[in-house]
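Worksheet for the structure shown next.
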Amino acid sequence: SYGFIYVPNTHTEITYDQFCKYILKQQPKQNNMEKKIIGYKLKDAYLHLKEVAADIGNYNRGYDVQKFLLTEEDKTAYNGIQALKKAGVLDLWFEPVYKDEYKIGDWVVVKSINQGGSGNGIYEDNLVSQLYKKDYNNASGKLSEHADFSVKEQRAYYNIIKDHIIRKATPEEVKKALIEEAIKRGFKEGVIFEYKEQSRGESTLKGKINSGLEVEYFKEHNLGWRILSRGQGVIYSDKWGWAEILPSYPQITINSYKGEFFDWGVKFGCAEINKGTFIELKDLCGEHTHQNREIESVTIGKGTFTKDQIKLIAEYYLNK
């Protein structure tokens with residue numbers, strides 16, 4: 001015969017490890033290679049119990065127990081963790097947060113001066129940045145001799161030590177940081193850029209932003225994080241870095257003078273030519289104008305413009 005146990009709807013599901021620990025009272029085997037636990041965060045399945053957890057841990061209601069509970073530096077968190085452990089719910093409701101091993105290229109969250117990042121010169125709390133080698137790009141701060149990495153805040157780089165790293169950044173944090181940096185660098189709709197790519201070998205290609213930007217993570221070819229233009233091309237990749245924005249105006253040189261483009265027209269040296277002149281000449285030299293098909297160039301003042309140069313200048317102003 002078989003025996004059955006009635007389990008009420010109010011039961012709590014536990015893992016095999018928790019069964020061994022709390023029911024069988026078995027001590028888990030120690031592993032010297034086990035990563036160091038630096039805190040705990042509330043499991044998604046128990047988010048509805050965060051206020052209960054706050055009460056058990058003697059936190060005030062404003063303390064967010066969903067976030068990392070740092071055991072080393074946050075005394076309030078440390079005492080709360082001990083209370084949750086004593087109540088037997090720490091391992092049931094929370095999952096451990098382990099200390100990460102960091103390397104150059106990782107995306108991390110970094111402490112500011114106000115958060116305990118003494119000497120690093122960083123003012124933005126919870127700065128999201130990639131890790132660069134120490135002293136990268138003349139990184140500043142008071143930590144050059146003992147620095148482990150450098151990070152970027154705005155346009156400057158700062159040396160940091162490992163203890164200034166809070167944790168690895170989440171995918172959402174990386175995406176947000178990359179989009180903000182792309183906007184700061186001038187990547188917007190209509191921009192033409194040049195980028196490196198590797199499909200059948202390394203090559204340099206041109207792209208254009210027609211609508212928006214997408215951020216994705218690619219393991220292939222160690223490309224890592226990439227920002228893709230919805231029009232065409234790769235704006236950024238961890239492997240190749242940032243694309244180069246190309247001038248949006250035509251690159252035309254007449255009599256050794258490079259064209260300077262203004263709202264009213266173009267300037268070559270001292271010669272100033274109204275934009276309307278090129279728009280009218282484009283129609284005059286157009287292929288649909290049968291009687292003018294043989295026109296290959298037009299002289300304006302002392303400068304001679306090819307039909308293609310006239311077309312480029314005219315279309316620049318017509319599409320502006």
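Residues in the structure tokens are numbered from 1 in each chain, the chains being A, B, ... in the order shown, and ligands are numbered from 1 in the order shown.
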Report task. Find the residues around stretch 149-160 of chain A up to 9 Å (only C-alpha atoms counted), leave out those fewer than 2 positions away in its own chain, and share them as a PyMOL selection string. Result -> chain A and resi 103-104+110+117+119-124+127-144+146-147+162-165+181
Query raised in the report: Tell me, which residues of stretch 68-164 of chain A carry DSSP helix (DSSP H, G or I), written as a count of residues only?
Result: 22
Which residues of stretch 86-105 of chain A sit at most 6 Å from stretch 41-50 of chain A, using only C-alpha atoms? Give each one's shortest atom pair and distance in Å (one decimal place), in chain and ascending residue order, as CSV.
```
residue,atom,partner,partner_atom,distance
A:Trp93,CA,A:Lys43,CA,5.8
A:Phe94,CA,A:Leu42,CA,4.3
A:Glu95,CA,A:Lys41,CA,5.6
```
Query raised in the report: DSSP says strand (DSSP E) for which residues of stretch 241-292 of chain A? Put them as a VMD selection string?
Result: chain A and resid 241 to 242 244 to 246 253 to 254 257 to 258 260 to 261 265 to 268 271 to 274
Query - Neighbour list for A:Tyr217 as a ChimeraX atom specification, cut-off 9 Å, only C-alpha atoms, skip fewer than 2 positions in-chain - result: /A:171,215,219,223-227
